[in-house]
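upload_2.cif follows (mmCIF, C-alpha atoms):
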```
data_target
#
loop_
_atom_site.label_atom_id
_atom_site.label_comp_id
_atom_site.auth_asym_id
_atom_site.auth_seq_id
_atom_site.Cartn_x
_atom_site.Cartn_y
_atom_site.Cartn_z
CA MET A 230 0.00 0.00 0.00
CA ASP A 231 1.40 3.38 -1.02
CA ALA A 232 0.15 5.69 1.73
CA HIS A 233 1.25 8.91 0.04
CA HIS A 234 1.54 9.98 -3.58
CA HIS A 235 0.43 12.86 -5.81
CA LEU A 236 -1.19 13.35 -9.21
CA TRP A 237 -1.28 16.48 -11.34
CA GLU A 238 -1.76 18.00 -14.76
CA TYR A 239 1.27 20.24 -14.82
CA ASP A 240 0.84 23.99 -15.13
CA GLU A 241 3.78 26.30 -14.42
CA ILE A 242 1.64 28.90 -12.66
CA GLN A 243 -0.51 26.57 -10.57
CA TYR A 244 2.48 24.47 -9.50
CA ASP A 245 4.88 27.34 -8.87
CA TRP A 246 6.61 25.37 -6.09
CA ILE A 247 8.10 23.14 -8.80
CA SER A 248 11.22 25.15 -9.55
CA PRO A 249 13.39 25.01 -12.70
CA GLU A 250 15.78 22.89 -10.64
CA MET A 251 13.12 20.14 -10.66
CA PRO A 252 12.80 19.27 -14.37
CA GLU A 253 11.74 15.71 -13.50
CA LEU A 254 8.47 17.08 -12.10
CA ARG A 255 7.53 19.54 -14.82
CA ARG A 256 5.07 17.29 -16.66
CA ASP A 257 1.76 15.51 -16.08
CA PHE A 258 1.56 12.64 -13.59
CA LEU A 259 -1.70 10.74 -13.98
CA PRO A 260 -3.19 7.43 -12.76
CA SER A 261 -1.97 5.50 -15.80
CA ASP A 262 1.62 6.52 -14.99
CA LEU A 263 1.22 5.50 -11.36
CA GLU A 264 -0.45 2.19 -12.13
CA LEU A 265 2.53 1.11 -14.23
CA ARG A 266 5.00 2.09 -11.49
CA MET A 267 2.93 0.25 -8.87
CA GLU A 268 2.87 -2.93 -10.95
CA GLU A 269 6.64 -2.79 -11.35
CA ALA A 270 7.14 -2.32 -7.60
CA GLY A 271 4.52 -4.82 -6.43
CA VAL A 272 2.32 -2.20 -4.76
CA ASP A 273 -1.42 -2.92 -4.90
CA GLY A 274 -3.13 0.28 -3.78
CA ALA A 275 -2.49 3.94 -3.05
CA VAL A 276 -3.70 7.03 -1.20
CA THR A 277 -3.68 10.22 -3.27
CA VAL A 278 -2.70 13.43 -1.46
CA GLN A 279 -3.35 17.02 -2.48
CA ALA A 280 -0.58 19.08 -4.07
CA ARG A 281 -2.52 22.36 -4.54
CA GLN A 282 -4.74 24.22 -2.10
CA THR A 283 -7.88 24.40 -4.19
CA ILE A 284 -11.28 22.74 -3.95
CA GLY A 285 -11.05 22.16 -7.69
CA GLU A 286 -8.06 19.87 -7.22
CA THR A 287 -9.77 17.98 -4.39
CA GLU A 288 -12.82 17.35 -6.57
CA TRP A 289 -10.60 16.31 -9.51
CA LEU A 290 -8.71 13.81 -7.33
CA LEU A 291 -11.98 12.36 -6.02
CA LYS A 292 -13.18 11.94 -9.61
CA LEU A 293 -9.98 10.09 -10.52
CA ALA A 294 -10.27 7.88 -7.43
CA ALA A 295 -13.81 6.95 -8.43
CA GLN A 296 -12.54 5.89 -11.86
CA HIS A 297 -9.51 3.83 -10.75
CA PHE A 298 -9.93 0.97 -8.30
CA PHE A 299 -6.27 1.06 -7.17
CA LEU A 300 -6.71 4.63 -5.85
CA TYR A 301 -8.20 3.75 -2.47
CA GLY A 302 -8.87 7.30 -1.38
CA VAL A 303 -7.94 10.96 -1.29
CA VAL A 304 -6.47 13.30 1.31
CA GLY A 305 -7.67 16.59 -0.12
CA TRP A 306 -7.67 20.27 0.76
CA ALA A 307 -10.48 22.51 1.98
CA PRO A 308 -10.56 26.01 3.54
CA ILE A 309 -10.62 24.71 7.12
CA ALA A 310 -10.36 28.15 8.75
CA GLU A 311 -13.04 29.86 6.63
CA ASP A 312 -16.72 30.44 7.48
CA SER A 313 -17.69 28.45 4.39
CA PHE A 314 -16.01 25.30 5.70
CA PRO A 315 -18.93 23.69 7.64
CA ALA A 316 -21.25 23.68 4.63
CA LEU A 317 -18.46 22.52 2.33
CA LEU A 318 -17.47 19.78 4.75
CA GLU A 319 -21.05 18.53 4.85
CA ARG A 320 -20.94 18.10 1.08
CA LEU A 321 -17.43 16.66 0.89
CA SER A 322 -18.03 14.15 3.67
CA GLN A 323 -20.56 12.43 1.41
CA GLU A 324 -17.68 11.39 -0.87
CA SER A 325 -16.87 7.80 0.03
CA LYS A 326 -13.26 8.09 -1.13
CA LEU A 327 -12.45 11.25 0.81
CA LEU A 328 -10.23 9.99 3.62
CA GLY A 329 -8.99 13.22 5.11
CA LEU A 330 -7.78 16.78 4.63
CA ARG A 331 -4.42 18.52 4.62
CA HIS A 332 -3.08 22.06 4.62
CA VAL A 333 0.46 23.01 3.57
CA VAL A 334 1.38 24.27 7.03
CA GLN A 335 5.10 24.07 6.19
CA ALA A 336 4.58 27.20 4.07
CA GLU A 337 2.70 29.11 6.79
CA PRO A 338 4.14 31.51 9.39
CA ALA A 339 4.77 30.49 13.00
CA GLY A 340 1.57 30.14 14.99
CA PHE A 341 -0.65 28.99 12.14
CA LEU A 342 -1.69 25.84 14.01
CA ASP A 343 -2.54 27.94 17.07
CA ALA A 344 -5.10 30.06 15.22
CA PRO A 345 -8.63 29.74 16.72
CA ALA A 346 -10.42 29.62 13.36
CA PHE A 347 -8.27 26.76 12.09
CA ASN A 348 -8.77 24.83 15.32
CA ARG A 349 -12.55 25.29 15.11
CA GLY A 350 -12.43 23.77 11.66
CA ILE A 351 -10.44 20.79 12.93
CA GLU A 352 -13.07 20.22 15.63
CA ARG A 353 -15.64 19.77 12.86
CA LEU A 354 -13.60 16.98 11.27
CA GLN A 355 -14.33 14.81 14.30
CA THR A 356 -18.03 14.86 13.48
CA CYS A 357 -17.49 13.08 10.15
CA GLY A 358 -14.51 10.85 10.93
CA LEU A 359 -12.03 12.42 8.49
CA ILE A 360 -8.29 12.25 9.18
CA TYR A 361 -6.08 15.34 9.28
CA ASP A 362 -2.59 15.04 7.71
CA ILE A 363 0.01 17.32 9.34
CA LEU A 364 2.51 18.67 6.79
CA ILE A 365 5.27 20.57 8.62
CA PHE A 366 9.01 21.07 8.79
CA GLN A 367 10.85 19.77 11.84
CA HIS A 368 11.09 23.24 13.42
CA GLN A 369 7.27 23.31 13.64
CA LEU A 370 7.00 20.17 15.77
CA GLU A 371 6.50 21.97 19.08
CA GLU A 372 3.62 23.91 17.54
CA ALA A 373 2.18 20.67 16.18
CA ILE A 374 2.34 19.07 19.64
CA ARG A 375 0.28 21.93 21.08
CA PHE A 376 -2.13 21.57 18.17
CA VAL A 377 -2.64 17.83 18.63
CA ASP A 378 -3.17 18.28 22.38
CA ARG A 379 -6.20 20.47 21.66
CA HIS A 380 -7.84 17.63 19.74
CA PRO A 381 -7.37 14.35 21.64
CA ASN A 382 -10.27 12.69 19.77
CA GLN A 383 -9.07 13.59 16.28
CA GLN A 384 -6.88 11.15 14.33
CA PHE A 385 -3.72 12.74 12.92
CA VAL A 386 -1.10 11.56 10.42
CA VAL A 387 2.33 13.22 10.35
CA ASP A 388 3.50 13.45 6.75
CA HIS A 389 7.13 12.70 5.89
CA ALA A 390 8.06 12.28 9.58
CA ALA A 391 7.93 16.09 9.94
CA LYS A 392 10.77 16.57 7.43
CA PRO A 393 13.98 16.26 9.45
CA ARG A 394 17.11 18.06 8.21
CA ILE A 395 18.69 14.98 6.68
CA ALA A 396 20.89 16.82 4.18
CA ALA A 397 22.46 18.77 7.07
CA ARG A 398 22.89 15.52 9.08
CA GLU A 399 20.97 17.11 11.99
CA ILE A 400 18.90 14.80 14.17
CA GLU A 401 18.10 16.99 17.18
CA PRO A 402 15.82 18.56 18.23
CA TRP A 403 13.77 16.69 15.61
CA ALA A 404 14.23 13.28 17.25
CA ALA A 405 13.25 14.45 20.74
CA ASN A 406 10.23 16.34 19.47
CA LEU A 407 9.07 13.44 17.29
CA HIS A 408 9.31 11.11 20.31
CA GLU A 409 7.22 13.58 22.29
CA LEU A 410 4.59 13.82 19.57
CA ALA A 411 4.47 10.02 19.35
CA ARG A 412 3.36 9.86 22.99
CA ARG A 413 -0.08 10.95 21.69
CA PRO A 414 -1.90 7.74 20.71
CA ASN A 415 -4.04 9.58 18.13
CA VAL A 416 -0.99 10.27 15.93
CA VAL A 417 0.61 8.00 13.33
CA CYS A 418 3.54 8.77 11.05
CA LYS A 419 4.33 8.34 7.37
CA ILE A 420 7.70 6.96 6.26
CA SER A 421 7.67 8.99 3.06
CA GLY A 422 9.36 12.02 1.57
CA LEU A 423 12.61 11.39 3.47
CA VAL A 424 14.75 10.69 0.42
CA THR A 425 14.24 14.24 -0.85
CA GLU A 426 15.11 15.73 2.55
CA GLY A 427 18.57 14.27 2.06
CA ASP A 428 21.11 14.90 -0.66
CA TRP A 429 19.26 14.11 -3.89
CA LYS A 430 22.36 12.80 -5.64
CA SER A 431 24.14 10.92 -2.84
CA TRP A 432 21.57 9.64 -0.33
CA SER A 433 22.19 6.18 1.04
CA THR A 434 21.10 3.71 3.69
CA GLU A 435 23.75 5.22 5.95
CA THR A 436 22.33 8.75 5.64
CA LEU A 437 18.69 7.73 6.11
CA ALA A 438 19.12 5.03 8.77
CA PRO A 439 19.30 7.30 11.85
CA TYR A 440 16.00 8.95 10.89
CA LEU A 441 14.19 5.72 10.04
CA ASP A 442 15.36 4.25 13.35
CA VAL A 443 13.97 7.22 15.29
CA CYS A 444 10.60 6.83 13.55
CA LEU A 445 10.48 3.14 14.42
CA GLU A 446 11.54 3.74 18.03
CA ALA A 447 9.02 6.55 18.48
CA PHE A 448 5.93 5.09 16.84
CA GLY A 449 6.55 1.37 16.47
CA ALA A 450 5.63 -0.48 13.28
CA ASP A 451 1.92 -0.49 14.15
CA ARG A 452 1.80 3.33 13.94
CA LEU A 453 3.96 3.77 10.85
CA MET A 454 2.83 3.70 7.23
CA ALA A 455 5.05 3.59 4.15
CA GLY A 456 4.56 5.92 1.21
CA SER A 457 6.45 6.91 -1.92
CA ASP A 458 5.80 10.64 -2.22
CA TRP A 459 5.81 9.95 -5.97
CA PRO A 460 6.43 11.82 -8.19
CA VAL A 461 8.36 14.17 -5.88
CA CYS A 462 10.62 11.25 -4.97
CA LEU A 463 11.87 11.24 -8.58
CA LEU A 464 14.19 14.08 -7.64
CA ALA A 465 16.28 11.49 -5.80
CA THR A 466 15.06 7.98 -6.66
CA ASP A 467 12.62 6.07 -8.81
CA TYR A 468 9.45 4.43 -7.52
CA LYS A 469 10.64 0.81 -7.62
CA GLN A 470 13.99 1.64 -6.04
CA TRP A 471 12.33 3.40 -3.09
CA TRP A 472 10.06 0.46 -2.32
CA GLY A 473 12.97 -1.96 -2.66
CA PHE A 474 14.98 0.13 -0.22
CA LEU A 475 12.17 0.21 2.35
CA ARG A 476 11.51 -3.53 2.12
CA GLN A 477 15.17 -4.34 2.54
CA TYR A 478 15.62 -1.88 5.40
CA PHE A 479 12.68 -3.23 7.40
CA ALA A 480 13.22 -6.90 6.47
CA ALA A 481 14.29 -7.75 10.03
CA LEU A 482 10.86 -6.83 11.42
CA SER A 483 8.38 -9.62 12.10
CA ASP A 484 5.83 -10.51 9.44
CA SER A 485 3.06 -8.79 11.43
CA GLU A 486 5.16 -5.64 11.88
CA GLN A 487 5.93 -5.50 8.17
CA GLN A 488 2.27 -5.99 7.37
CA SER A 489 1.39 -3.03 9.58
CA LEU A 490 4.06 -0.75 8.16
CA PHE A 491 3.39 -1.62 4.51
CA ALA A 492 -0.42 -1.85 4.60
CA GLY A 493 -2.18 -2.35 7.92
CA THR A 494 -1.55 1.01 9.56
CA CYS A 495 -2.67 2.86 6.45
CA CYS A 496 -5.87 0.81 6.11
CA ARG A 497 -6.74 1.09 9.81
CA THR A 498 -6.03 4.80 10.06
CA TYR A 499 -7.81 5.87 6.89
CA LYS A 500 -10.55 3.22 7.31
CA ILE A 501 -9.79 1.69 3.92
CA SER A 502 -11.52 -1.49 2.90
CA MET A 503 -9.40 -3.03 0.19
CA PRO A 504 -11.63 -4.00 -2.77
CA ARG A 505 -12.23 -7.60 -3.73
CA LEU A 506 -10.91 -8.14 -7.26
CA SER A 507 -12.15 -10.29 -10.10
CA THR A 508 -9.77 -12.61 -11.96
CA GLN A 509 -9.27 -9.74 -14.43
CA GLY A 510 -8.03 -7.47 -11.65
CA LYS A 511 -11.15 -5.27 -11.59
CA ALA A 512 -12.92 -4.19 -8.43
CA ILE A 513 -16.20 -6.04 -7.82
#
```

Produce structure tokens that represent the structure in this file.
Amino acid sequence: MDAHHHLWEYDEIQYDWISPEMPELRRDFLPSDLELRMEEAGVDGAVTVQARQTIGETEWLLKLAAQHFFLYGVVGWAPIAEDSFPALLERLSQESKLLGLRHVVQAEPAGFLDAPAFNRGIERLQTCGLIYDILIFQHQLEEAIRFVDRHPNQQFVVDHAAKPRIAAREIEPWAANLHELARRPNVVCKISGLVTEGDWKSWSTETLAPYLDVCLEAFGADRLMAGSDWPVCLLATDYKQWWGFLRQYFAALSDSEQQSLFAGTCCRTYKISMPRLSTQGKAI
């Protein structure tokens, strides 16, 4: 199960975060592309995550998920802090493949997660069972801990292990803060996006190992989920190589621990029921 990937129809203006230094990403990435990569890597399902902060993109991703059985659901975007959010949430929550919401907090100023309006919006998520994905840099972890403590009944997923400074070989205070966040039982963590936090051209098991070990120590395999962050991962690795690396790295875990990390945690957290397939590989 790929717990975290993206899809887009590339537009230079709408995806302005894709800089000229990222030529690998400056094209369309659609379900047909992903399906081929998944088949090559032996991955049987995926969760699609927003890459733009527009309702239009959320609705487009939901449409794609409805058309492709291997897209098990969508973590979209909605204006959580706005007055229009309750009515919009009522409509969106009727979408069976909407699993949760996310905001690009890593791009926001300090204190964003403390804002009353945003927190009121998060309180409404609890009424419909949607997950909230936390996208932050490591220096925002203390703010995220305060945020999570306000919502003990809301399920949270930390994207990309809160983006430690792998390229700088810094592990503290990220490690201590991640351990502290992991003390909250309503938080799980994605092992995804780490390869692009390191040196794109020279990452290795040696450079990633200290960070993967902290994630495993903090959350345990039953609260970790593996994801590709495709196509962003293409800046440093290809899809099949990333999954091969993860499987080899965690090969010493028990069968049940590997099942949790590579599928179970994702399915439990996002409440995914994997479809029963016909002999032709179609959902029935």

Mind checking which residues fall within 6 Å of region 396-404 of chain A, counting all atoms listed in the file, ignoring those fewer than 2 positions away in the same chain, and posting them as a CSV table (one decimal) with C-alpha atoms, in the coordinates of the input?
```csv
chain,number,residue,atom,x,y,z
A,367,GLN,CA,10.8,19.8,11.8
A,394,ARG,CA,17.1,18.1,8.2
A,406,ASN,CA,10.2,16.3,19.5
A,407,LEU,CA,9.1,13.4,17.3
A,427,GLY,CA,18.6,14.3,2.1
A,428,ASP,CA,21.1,14.9,-0.7
```

Margin query: Please list as a ChimeraX atom specification every residue within 8 Å of Leu464 (chain A), counting only C-alpha atoms and excluding residues in the same chain fewer than 4 positions away.
Written below: /A:251,253-254,425,429

Just want the 12 Å neighbourhood of region 283-295 of chain A, counted on all atoms listed in the file, with same-chain residues fewer than 4 positions away dropped. Output as a PDB file with C-alpha atoms, keeping the file's coordinate frame.
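Result file selection-v6.pdb:
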```
ATOM      1  CA  HIS A 234       1.540   9.980  -3.580  1.00  0.00           C
ATOM      2  CA  HIS A 235       0.430  12.860  -5.810  1.00  0.00           C
ATOM      3  CA  LEU A 236      -1.190  13.350  -9.210  1.00  0.00           C
ATOM      4  CA  TRP A 237      -1.280  16.480 -11.340  1.00  0.00           C
ATOM      5  CA  GLU A 238      -1.760  18.000 -14.760  1.00  0.00           C
ATOM      6  CA  GLN A 243      -0.510  26.570 -10.570  1.00  0.00           C
ATOM      7  CA  TYR A 244       2.480  24.470  -9.500  1.00  0.00           C
ATOM      8  CA  LEU A 259      -1.700  10.740 -13.980  1.00  0.00           C
ATOM      9  CA  PRO A 260      -3.190   7.430 -12.760  1.00  0.00           C
ATOM     10  CA  SER A 261      -1.970   5.500 -15.800  1.00  0.00           C
ATOM     11  CA  GLY A 274      -3.130   0.280  -3.780  1.00  0.00           C
ATOM     12  CA  ALA A 275      -2.490   3.940  -3.050  1.00  0.00           C
ATOM     13  CA  VAL A 276      -3.700   7.030  -1.200  1.00  0.00           C
ATOM     14  CA  THR A 277      -3.680  10.220  -3.270  1.00  0.00           C
ATOM     15  CA  VAL A 278      -2.700  13.430  -1.460  1.00  0.00           C
ATOM     16  CA  GLN A 279      -3.350  17.020  -2.480  1.00  0.00           C
ATOM     17  CA  PHE A 299      -6.270   1.060  -7.170  1.00  0.00           C
ATOM     18  CA  LEU A 300      -6.710   4.630  -5.850  1.00  0.00           C
ATOM     19  CA  TYR A 301      -8.200   3.750  -2.470  1.00  0.00           C
ATOM     20  CA  GLY A 302      -8.870   7.300  -1.380  1.00  0.00           C
ATOM     21  CA  VAL A 303      -7.940  10.960  -1.290  1.00  0.00           C
ATOM     22  CA  VAL A 304      -6.470  13.300   1.310  1.00  0.00           C
ATOM     23  CA  GLY A 305      -7.670  16.590  -0.120  1.00  0.00           C
ATOM     24  CA  TRP A 306      -7.670  20.270   0.760  1.00  0.00           C
ATOM     25  CA  ALA A 307     -10.480  22.510   1.980  1.00  0.00           C
ATOM     26  CA  PRO A 308     -10.560  26.010   3.540  1.00  0.00           C
ATOM     27  CA  ILE A 309     -10.620  24.710   7.120  1.00  0.00           C
ATOM     28  CA  SER A 313     -17.690  28.450   4.390  1.00  0.00           C
ATOM     29  CA  PHE A 314     -16.010  25.300   5.700  1.00  0.00           C
ATOM     30  CA  LEU A 317     -18.460  22.520   2.330  1.00  0.00           C
ATOM     31  CA  LEU A 318     -17.470  19.780   4.750  1.00  0.00           C
ATOM     32  CA  ARG A 320     -20.940  18.100   1.080  1.00  0.00           C
ATOM     33  CA  LEU A 321     -17.430  16.660   0.890  1.00  0.00           C
ATOM     34  CA  SER A 322     -18.030  14.150   3.670  1.00  0.00           C
ATOM     35  CA  GLN A 323     -20.560  12.430   1.410  1.00  0.00           C
ATOM     36  CA  GLU A 324     -17.680  11.390  -0.870  1.00  0.00           C
ATOM     37  CA  SER A 325     -16.870   7.800   0.030  1.00  0.00           C
ATOM     38  CA  LYS A 326     -13.260   8.090  -1.130  1.00  0.00           C
ATOM     39  CA  LEU A 327     -12.450  11.250   0.810  1.00  0.00           C
ATOM     40  CA  LEU A 328     -10.230   9.990   3.620  1.00  0.00           C
ATOM     41  CA  GLY A 329      -8.990  13.220   5.110  1.00  0.00           C
ATOM     42  CA  LEU A 330      -7.780  16.780   4.630  1.00  0.00           C
ATOM     43  CA  ARG A 331      -4.420  18.520   4.620  1.00  0.00           C
ATOM     44  CA  HIS A 332      -3.080  22.060   4.620  1.00  0.00           C
ATOM     45  CA  VAL A 333       0.460  23.010   3.570  1.00  0.00           C
ATOM     46  CA  ALA A 512     -12.920  -4.190  -8.430  1.00  0.00           C
TER      47      ALA A 512
END
```

Note to self: Report, in Å with one decimal, the straight-line distance from CA of Cys495 (chain A) to CA of Leu342 (chain A).
What the structure shows: 24.2 Å

Check: Taking into account all atoms listed in the file, which residue in the set A:Phe366, A:Trp432, A:Tyr478, A:Trp471 is nearest to Glu337 (chain A)?
Finding: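 For Glu337 (chain A), the nearest of the given residues is A:Phe366.
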
Notebook entry, point to check: Excluding same-chain residues fewer than 2 positions from Glu269 (chain A), what lies within 12 Å of it counting all atoms listed in the file, as a VMD selection string?
Noted result: chain A and resid 262 to 267 271 to 273 467 to 473

Notebook entry, point to check: Near Leu423 (chain A), counting only C-alpha atoms, which residues have an atom at most 9 Å away, once you skip same-chain residues fewer than 2 positions from it, shown as a list in words?
Noted result: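 The residues that qualify are His389, Ala390, Lys392, Pro393, Ile395, Ile420, Ser421, Thr425, Glu426, Gly427, Leu437, Tyr440, Leu441, Asp458 and Cys462 of chain A.
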
Show me, as JSON, the centre and edge lengths in Å to one decimal of the axis-aligned box that covers every listed atom of region 437-448 of chain A with 8 Å on each side.
```
{"center_x": 12.6, "center_y": 6.0, "center_z": 12.3, "size_x": 29.4, "size_y": 21.8, "size_z": 28.4}
```

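Taking CA of Glu241 (chain A) and CA of Arg256 (chain A) as endpoints, the distance between them is 9.4 Å.
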